[in-house]
Amino acid sequence: MSIDESLFRLDHRLAFVAGAASGIGRAAAVGLARFGATVICADLDARGAAQVAGEIRDAKGQAETCPLDITDEAAVEAVVKDVQARHGHIDVLLSTPAVNIRKPLLNYTPAEFDRVVRLNLMGTFLITRAVARSMSQQRGGSIILTSSIRSVTTEPGQGVYAATKAGIVQMARTLAAELGPAGVRVNCIAPGVVETPLTEPIKNRPEWYDAYAKRNALRRWASAEEMAGPIVFLASQASSYMTGAVLFVDGGWTAIDGRFEPPV
Ligand SMILES: NC(=O)c1ccc[n+]([C@@H]2O[C@H](COP(=O)([O-])OP(=O)(O)OC[C@H]3O[C@@H](n4cnc5c(N)ncnc54)[C@H](O)[C@@H]3O)[C@@H](O)[C@H]2O)c1
């Protein structure tokens, strides 16, 4: 293997991005295409996915739109089968869709619990299982699941979301163990605070927004585009010996306990 910039290239690779219409998925889809991948832009929001695919094609990249609900088992199976049949291989999977209902655990209803777990864990499981089956047959591929700093640190109101983000890590590690012999790598990206539509409500609350900015070493929020580099890295041969890992892209949030600065 040569060590040059081609390590990061994704030419002739097919990347399936679930959640491509918005936020981190959108930035990653654009980034993966920039590095040469053909990107399947999958999302529940078909119009948003089509927009991102169009943006990629306008920049001379290759992309397709794929309307998909990752919690619909039959739809997931059909879409992956179709992509596999038309392209012959799926080399990269990124799955981002998740929901957070911020509420104290004592006030959580079973319906709310089910909604969060259904998308974050079951949806991730369904799309991962379908693509992983195809990758294990072709004996290679890179799967990137989206965890969060909430997999290891939490705060009031994040109980169920945090549980799903920790669950995704354990699912990824187990899959890494199960698929390693077939050459399929499985890793997680764990973002800190990223400005996207998901976190828009926080942006509208300055005291909350600023407190999160101060909570990490870089003292600011990330843009969605700052997640694209680490995702391209995990997708590419540059990370060929990484599997079962969690890559924290959190501005140092999990490295420090910076709520108080001692006068030293
Ligand atoms: N934004 C942050 O600060 C932050 C921090 C840590 C982790 N994360 C994680 O990053 C991931 C992406 O977050 P984001 O901020 O980009 O969110 P986002 O809301 O901007 O994007 C999520 C996308 O998923 C799609 N989606 C929702 N349900 C779907 C379904 N059933 N099937 C297919 N697509 C569906 C939405 O249409 C949307 O396009 C999430 O897993 C989130 O937990 C985000």
# chains A, B, ... in the order shown; residues from 1 in each chain; ligands from 1
$ residues_around --residues "A:Lys60" --least-positions-apart "3" --cutoff "12 Å" --atoms "only C-alpha atoms" --output "VMD selection string"
chain A and resid 30 33 to 38 53 to 57 63
$ residues_around --residues "A:Ser240" --least-positions-apart "2" --cutoff "10 Å" --atoms "only C-alpha atoms" --output "list in words"
Leu7, Gly141, Ser142, Gly183, Val184, Arg185, Phe233, Leu234, Ala235, Ser236, Gln237, Ala238, Met242 and Thr243 of chain A
$ residues_around --residues "A:Glu77" --least-positions-apart "6" --cutoff "10 Å" --atoms "only C-alpha atoms" --output "VMD selection string"
chain A and resid 70 126 to 127 129 to 131
$ write_last_selection --atoms "N, CA and C atoms" --output "PDB file, in the first residue's frame"
ATOM      1  N   ILE A  70     -35.451   4.394   7.108  1.00  0.00           N
ATOM      2  CA  ILE A  70     -34.587   3.299   7.590  1.00  0.00           C
ATOM      3  C   ILE A  70     -35.257   2.442   8.672  1.00  0.00           C
ATOM      4  N   LEU A 126     -31.285  -1.826  11.118  1.00  0.00           N
ATOM      5  CA  LEU A 126     -31.841  -2.359   9.867  1.00  0.00           C
ATOM      6  C   LEU A 126     -30.988  -1.994   8.653  1.00  0.00           C
ATOM      7  N   ILE A 127     -30.563  -0.719   8.566  1.00  0.00           N
ATOM      8  CA  ILE A 127     -29.775  -0.326   7.392  1.00  0.00           C
ATOM      9  C   ILE A 127     -28.387  -0.966   7.462  1.00  0.00           C
ATOM     10  N   ARG A 129     -27.597  -3.845   8.970  1.00  0.00           N
ATOM     11  CA  ARG A 129     -27.685  -5.279   8.686  1.00  0.00           C
ATOM     12  C   ARG A 129     -27.768  -5.534   7.186  1.00  0.00           C
ATOM     13  N   ALA A 130     -28.615  -4.765   6.496  1.00  0.00           N
ATOM     14  CA  ALA A 130     -28.793  -4.982   5.057  1.00  0.00           C
ATOM     15  C   ALA A 130     -27.487  -4.742   4.293  1.00  0.00           C
ATOM     16  N   VAL A 131     -26.811  -3.620   4.595  1.00  0.00           N
ATOM     17  CA  VAL A 131     -25.580  -3.304   3.852  1.00  0.00           C
ATOM     18  C   VAL A 131     -24.448  -4.246   4.278  1.00  0.00           C
TER      19      VAL A 131
END
$ residues_near_ligand --ligand "ligand 1" --cutoff "6 Å" --atoms "only C-alpha atoms and all ligand atoms" --output "VMD selection string"
chain A and resid 18 to 25 43 to 45 68 to 71 96 to 98 119 146 to 148 191 to 199
$ write_last_selection --atoms "N, CA and C atoms" --output "PDB file, in the first residue's frame"
ATOM      1  N   ALA A  18     -27.187   7.218   4.585  1.00  0.00           N
ATOM      2  CA  ALA A  18     -28.549   7.339   5.120  1.00  0.00           C
ATOM      3  C   ALA A  18     -28.593   8.588   5.985  1.00  0.00           C
ATOM      4  N   GLY A  19     -29.514   9.481   5.669  1.00  0.00           N
ATOM      5  CA  GLY A  19     -29.577  10.774   6.374  1.00  0.00           C
ATOM      6  C   GLY A  19     -28.901  11.877   5.581  1.00  0.00           C
ATOM      7  N   ALA A  20     -28.791  11.679   4.273  1.00  0.00           N
ATOM      8  CA  ALA A  20     -27.998  12.589   3.424  1.00  0.00           C
ATOM      9  C   ALA A  20     -28.649  13.949   3.184  1.00  0.00           C
ATOM     10  N   ALA A  21     -29.924  14.098   3.565  1.00  0.00           N
ATOM     11  CA  ALA A  21     -30.607  15.356   3.217  1.00  0.00           C
ATOM     12  C   ALA A  21     -30.228  16.523   4.111  1.00  0.00           C
ATOM     13  N   SER A  22     -29.636  16.238   5.273  1.00  0.00           N
ATOM     14  CA  SER A  22     -29.465  17.333   6.237  1.00  0.00           C
ATOM     15  C   SER A  22     -28.226  17.148   7.107  1.00  0.00           C
ATOM     16  N   GLY A  23     -27.760  18.247   7.649  1.00  0.00           N
ATOM     17  CA  GLY A  23     -26.756  18.237   8.709  1.00  0.00           C
ATOM     18  C   GLY A  23     -25.487  17.471   8.380  1.00  0.00           C
ATOM     19  N   ILE A  24     -25.124  16.570   9.284  1.00  0.00           N
ATOM     20  CA  ILE A  24     -23.870  15.829   9.159  1.00  0.00           C
ATOM     21  C   ILE A  24     -23.902  14.896   7.944  1.00  0.00           C
ATOM     22  N   GLY A  25     -25.046  14.259   7.708  1.00  0.00           N
ATOM     23  CA  GLY A  25     -25.175  13.361   6.557  1.00  0.00           C
ATOM     24  C   GLY A  25     -24.993  14.111   5.250  1.00  0.00           C
ATOM     25  N   ASP A  43     -32.664   9.253   2.224  1.00  0.00           N
ATOM     26  CA  ASP A  43     -33.276  10.000   3.322  1.00  0.00           C
ATOM     27  C   ASP A  43     -34.792   9.856   3.247  1.00  0.00           C
ATOM     28  N   LEU A  44     -35.418  10.007   4.402  1.00  0.00           N
ATOM     29  CA  LEU A  44     -36.879  10.067   4.484  1.00  0.00           C
ATOM     30  C   LEU A  44     -37.372  11.294   3.727  1.00  0.00           C
ATOM     31  N   ASP A  45     -36.581  12.358   3.793  1.00  0.00           N
ATOM     32  CA  ASP A  45     -36.873  13.612   3.108  1.00  0.00           C
ATOM     33  C   ASP A  45     -36.351  13.496   1.671  1.00  0.00           C
ATOM     34  N   LEU A  68     -35.956   6.934   1.397  1.00  0.00           N
ATOM     35  CA  LEU A  68     -35.914   5.735   2.251  1.00  0.00           C
ATOM     36  C   LEU A  68     -36.223   6.061   3.706  1.00  0.00           C
ATOM     37  N   ASP A  69     -37.067   5.204   4.314  1.00  0.00           N
ATOM     38  CA  ASP A  69     -37.292   5.246   5.757  1.00  0.00           C
ATOM     39  C   ASP A  69     -36.498   4.084   6.346  1.00  0.00           C
ATOM     40  N   ILE A  70     -35.451   4.394   7.108  1.00  0.00           N
ATOM     41  CA  ILE A  70     -34.587   3.299   7.590  1.00  0.00           C
ATOM     42  C   ILE A  70     -35.257   2.442   8.672  1.00  0.00           C
ATOM     43  N   THR A  71     -36.449   2.852   9.142  1.00  0.00           N
ATOM     44  CA  THR A  71     -37.146   2.003  10.122  1.00  0.00           C
ATOM     45  C   THR A  71     -38.103   1.022   9.434  1.00  0.00           C
ATOM     46  N   THR A  96     -26.764   8.219   9.642  1.00  0.00           N
ATOM     47  CA  THR A  96     -26.853   9.330  10.601  1.00  0.00           C
ATOM     48  C   THR A  96     -28.222   9.537  11.264  1.00  0.00           C
ATOM     49  N   PRO A  97     -29.339   9.074  10.692  1.00  0.00           N
ATOM     50  CA  PRO A  97     -30.618   9.514  11.258  1.00  0.00           C
ATOM     51  C   PRO A  97     -30.785   9.178  12.744  1.00  0.00           C
ATOM     52  N   ALA A  98     -31.234  10.165  13.492  1.00  0.00           N
ATOM     53  CA  ALA A  98     -31.519   9.981  14.919  1.00  0.00           C
ATOM     54  C   ALA A  98     -32.459  11.079  15.360  1.00  0.00           C
ATOM     55  N   LEU A 119     -35.994   4.756  15.927  1.00  0.00           N
ATOM     56  CA  LEU A 119     -35.159   5.333  14.865  1.00  0.00           C
ATOM     57  C   LEU A 119     -33.669   5.121  15.168  1.00  0.00           C
ATOM     58  N   THR A 146     -23.255   6.619  13.538  1.00  0.00           N
ATOM     59  CA  THR A 146     -23.159   7.915  14.216  1.00  0.00           C
ATOM     60  C   THR A 146     -23.569   7.789  15.674  1.00  0.00           C
ATOM     61  N   SER A 147     -22.574   7.894  16.535  1.00  0.00           N
ATOM     62  CA  SER A 147     -22.826   7.920  17.972  1.00  0.00           C
ATOM     63  C   SER A 147     -22.828   9.385  18.403  1.00  0.00           C
ATOM     64  N   SER A 148     -22.274   9.689  19.557  1.00  0.00           N
ATOM     65  CA  SER A 148     -22.304  11.063  20.091  1.00  0.00           C
ATOM     66  C   SER A 148     -21.448  11.107  21.346  1.00  0.00           C
ATOM     67  N   PRO A 191     -19.764  12.818  17.383  1.00  0.00           N
ATOM     68  CA  PRO A 191     -19.654  14.285  17.333  1.00  0.00           C
ATOM     69  C   PRO A 191     -19.921  14.919  18.693  1.00  0.00           C
ATOM     70  N   GLY A 192     -19.381  16.130  18.829  1.00  0.00           N
ATOM     71  CA  GLY A 192     -19.730  16.973  19.979  1.00  0.00           C
ATOM     72  C   GLY A 192     -20.927  17.823  19.593  1.00  0.00           C
ATOM     73  N   VAL A 193     -20.848  19.137  19.793  1.00  0.00           N
ATOM     74  CA  VAL A 193     -21.983  19.994  19.428  1.00  0.00           C
ATOM     75  C   VAL A 193     -21.766  20.565  18.025  1.00  0.00           C
ATOM     76  N   VAL A 194     -22.725  20.257  17.161  1.00  0.00           N
ATOM     77  CA  VAL A 194     -22.609  20.585  15.743  1.00  0.00           C
ATOM     78  C   VAL A 194     -23.842  21.389  15.332  1.00  0.00           C
ATOM     79  N   GLU A 195     -23.621  22.480  14.644  1.00  0.00           N
ATOM     80  CA  GLU A 195     -24.757  23.299  14.196  1.00  0.00           C
ATOM     81  C   GLU A 195     -25.450  22.633  13.015  1.00  0.00           C
ATOM     82  N   THR A 196     -26.647  22.118  13.260  1.00  0.00           N
ATOM     83  CA  THR A 196     -27.459  21.476  12.219  1.00  0.00           C
ATOM     84  C   THR A 196     -28.936  21.752  12.550  1.00  0.00           C
ATOM     85  N   PRO A 197     -29.851  21.371  11.673  1.00  0.00           N
ATOM     86  CA  PRO A 197     -31.270  21.545  12.007  1.00  0.00           C
ATOM     87  C   PRO A 197     -31.658  20.837  13.312  1.00  0.00           C
ATOM     88  N   LEU A 198     -30.968  19.724  13.627  1.00  0.00           N
ATOM     89  CA  LEU A 198     -31.278  18.990  14.865  1.00  0.00           C
ATOM     90  C   LEU A 198     -31.037  19.858  16.103  1.00  0.00           C
ATOM     91  N   THR A 199     -29.998  20.685  16.065  1.00  0.00           N
ATOM     92  CA  THR A 199     -29.633  21.498  17.235  1.00  0.00           C
ATOM     93  C   THR A 199     -30.082  22.958  17.110  1.00  0.00           C
TER      94      THR A 199
END
$ closest_residue --among "A:Gly251, A:Gly140, A:Gly61, A:Gly123" --to "A:Asp91" --atoms "only C-alpha atoms"
A:Gly140
$ select_by_dssp --residues "stretch 22-172 of chain A" --states "strand (DSSP E or B)" --output "list in words"
Thr38, Val39, Ile40, Cys41, Ala42, Asp43, Gln62, Ala63, Glu64, Thr65, Cys66, Pro67, Val92, Leu93, Leu94, Ser95, Gly141, Ser142, Ile143, Ile144, Leu145 and Thr146 of chain A
$ write_last_selection --atoms "C-alpha atoms" --output "PDB file, in the first residue's frame"
ATOM      1  CA  THR A  38     -20.447   7.710  -6.066  1.00  0.00           C
ATOM      2  CA  VAL A  39     -22.932   8.619  -3.333  1.00  0.00           C
ATOM      3  CA  ILE A  40     -26.402   7.201  -2.812  1.00  0.00           C
ATOM      4  CA  CYS A  41     -28.196  10.044  -1.018  1.00  0.00           C
ATOM      5  CA  ALA A  42     -30.819   8.226   1.053  1.00  0.00           C
ATOM      6  CA  ASP A  43     -33.276  10.000   3.322  1.00  0.00           C
ATOM      7  CA  GLN A  62     -21.708  11.328  -8.953  1.00  0.00           C
ATOM      8  CA  ALA A  63     -24.810  10.890  -6.845  1.00  0.00           C
ATOM      9  CA  GLU A  64     -28.252   9.311  -6.840  1.00  0.00           C
ATOM     10  CA  THR A  65     -31.369  10.123  -4.836  1.00  0.00           C
ATOM     11  CA  CYS A  66     -32.891   7.377  -2.747  1.00  0.00           C
ATOM     12  CA  PRO A  67     -36.088   8.051  -0.769  1.00  0.00           C
ATOM     13  CA  VAL A  92     -19.140   2.525   2.397  1.00  0.00           C
ATOM     14  CA  LEU A  93     -22.161   2.936   4.643  1.00  0.00           C
ATOM     15  CA  LEU A  94     -22.736   6.050   6.726  1.00  0.00           C
ATOM     16  CA  SER A  95     -25.891   6.095   8.827  1.00  0.00           C
ATOM     17  CA  GLY A 141     -16.284  -2.397   3.144  1.00  0.00           C
ATOM     18  CA  SER A 142     -16.377   0.356   5.722  1.00  0.00           C
ATOM     19  CA  ILE A 143     -19.391   1.016   7.940  1.00  0.00           C
ATOM     20  CA  ILE A 144     -19.610   4.267   9.876  1.00  0.00           C
ATOM     21  CA  LEU A 145     -22.327   4.650  12.488  1.00  0.00           C
ATOM     22  CA  THR A 146     -23.159   7.915  14.216  1.00  0.00           C
TER      23      THR A 146
END
$ select_by_dssp --residues "stretch 60-209 of chain A" --states "alpha helix (DSSP H)" --output "PyMOL selection string"
chain A and resi 73-87+110-117+124-138+159-179+200-203+206-209
$ residues_around --residues "A:Arg115" --least-positions-apart "2" --cutoff "12 Å" --atoms "only C-alpha atoms" --output "ChimeraX atom specification"
/A:71,98-101,108-113,117-123,160-161,164
$ write_last_selection --atoms "C-alpha atoms" --output "compact mmCIF listing (two decimals), in the first residue's frame"
# COMPACT_ATOMS: atom_id res chain seq x y z
CA THR A 71 -37.15 2.00 10.12
CA ALA A 98 -31.52 9.98 14.92
CA VAL A 99 -34.04 11.81 17.04
CA ASN A 100 -33.79 13.27 20.53
CA ILE A 101 -36.69 13.99 22.84
CA TYR A 108 -40.79 9.92 29.57
CA THR A 109 -43.70 7.95 28.17
CA PRO A 110 -43.31 4.51 26.60
CA ALA A 111 -44.41 6.02 23.27
CA GLU A 112 -41.61 8.62 23.44
CA PHE A 113 -39.10 5.96 24.48
CA VAL A 117 -35.18 3.82 20.24
CA ARG A 118 -37.02 2.87 17.07
CA LEU A 119 -35.16 5.33 14.86
CA ASN A 120 -31.80 5.57 16.65
CA LEU A 121 -31.25 1.88 17.37
CA MET A 122 -33.67 -0.11 15.23
CA GLY A 123 -33.28 2.07 12.12
CA VAL A 160 -32.99 7.75 26.33
CA TYR A 161 -30.99 9.45 23.56
CA THR A 164 -29.22 4.75 22.19
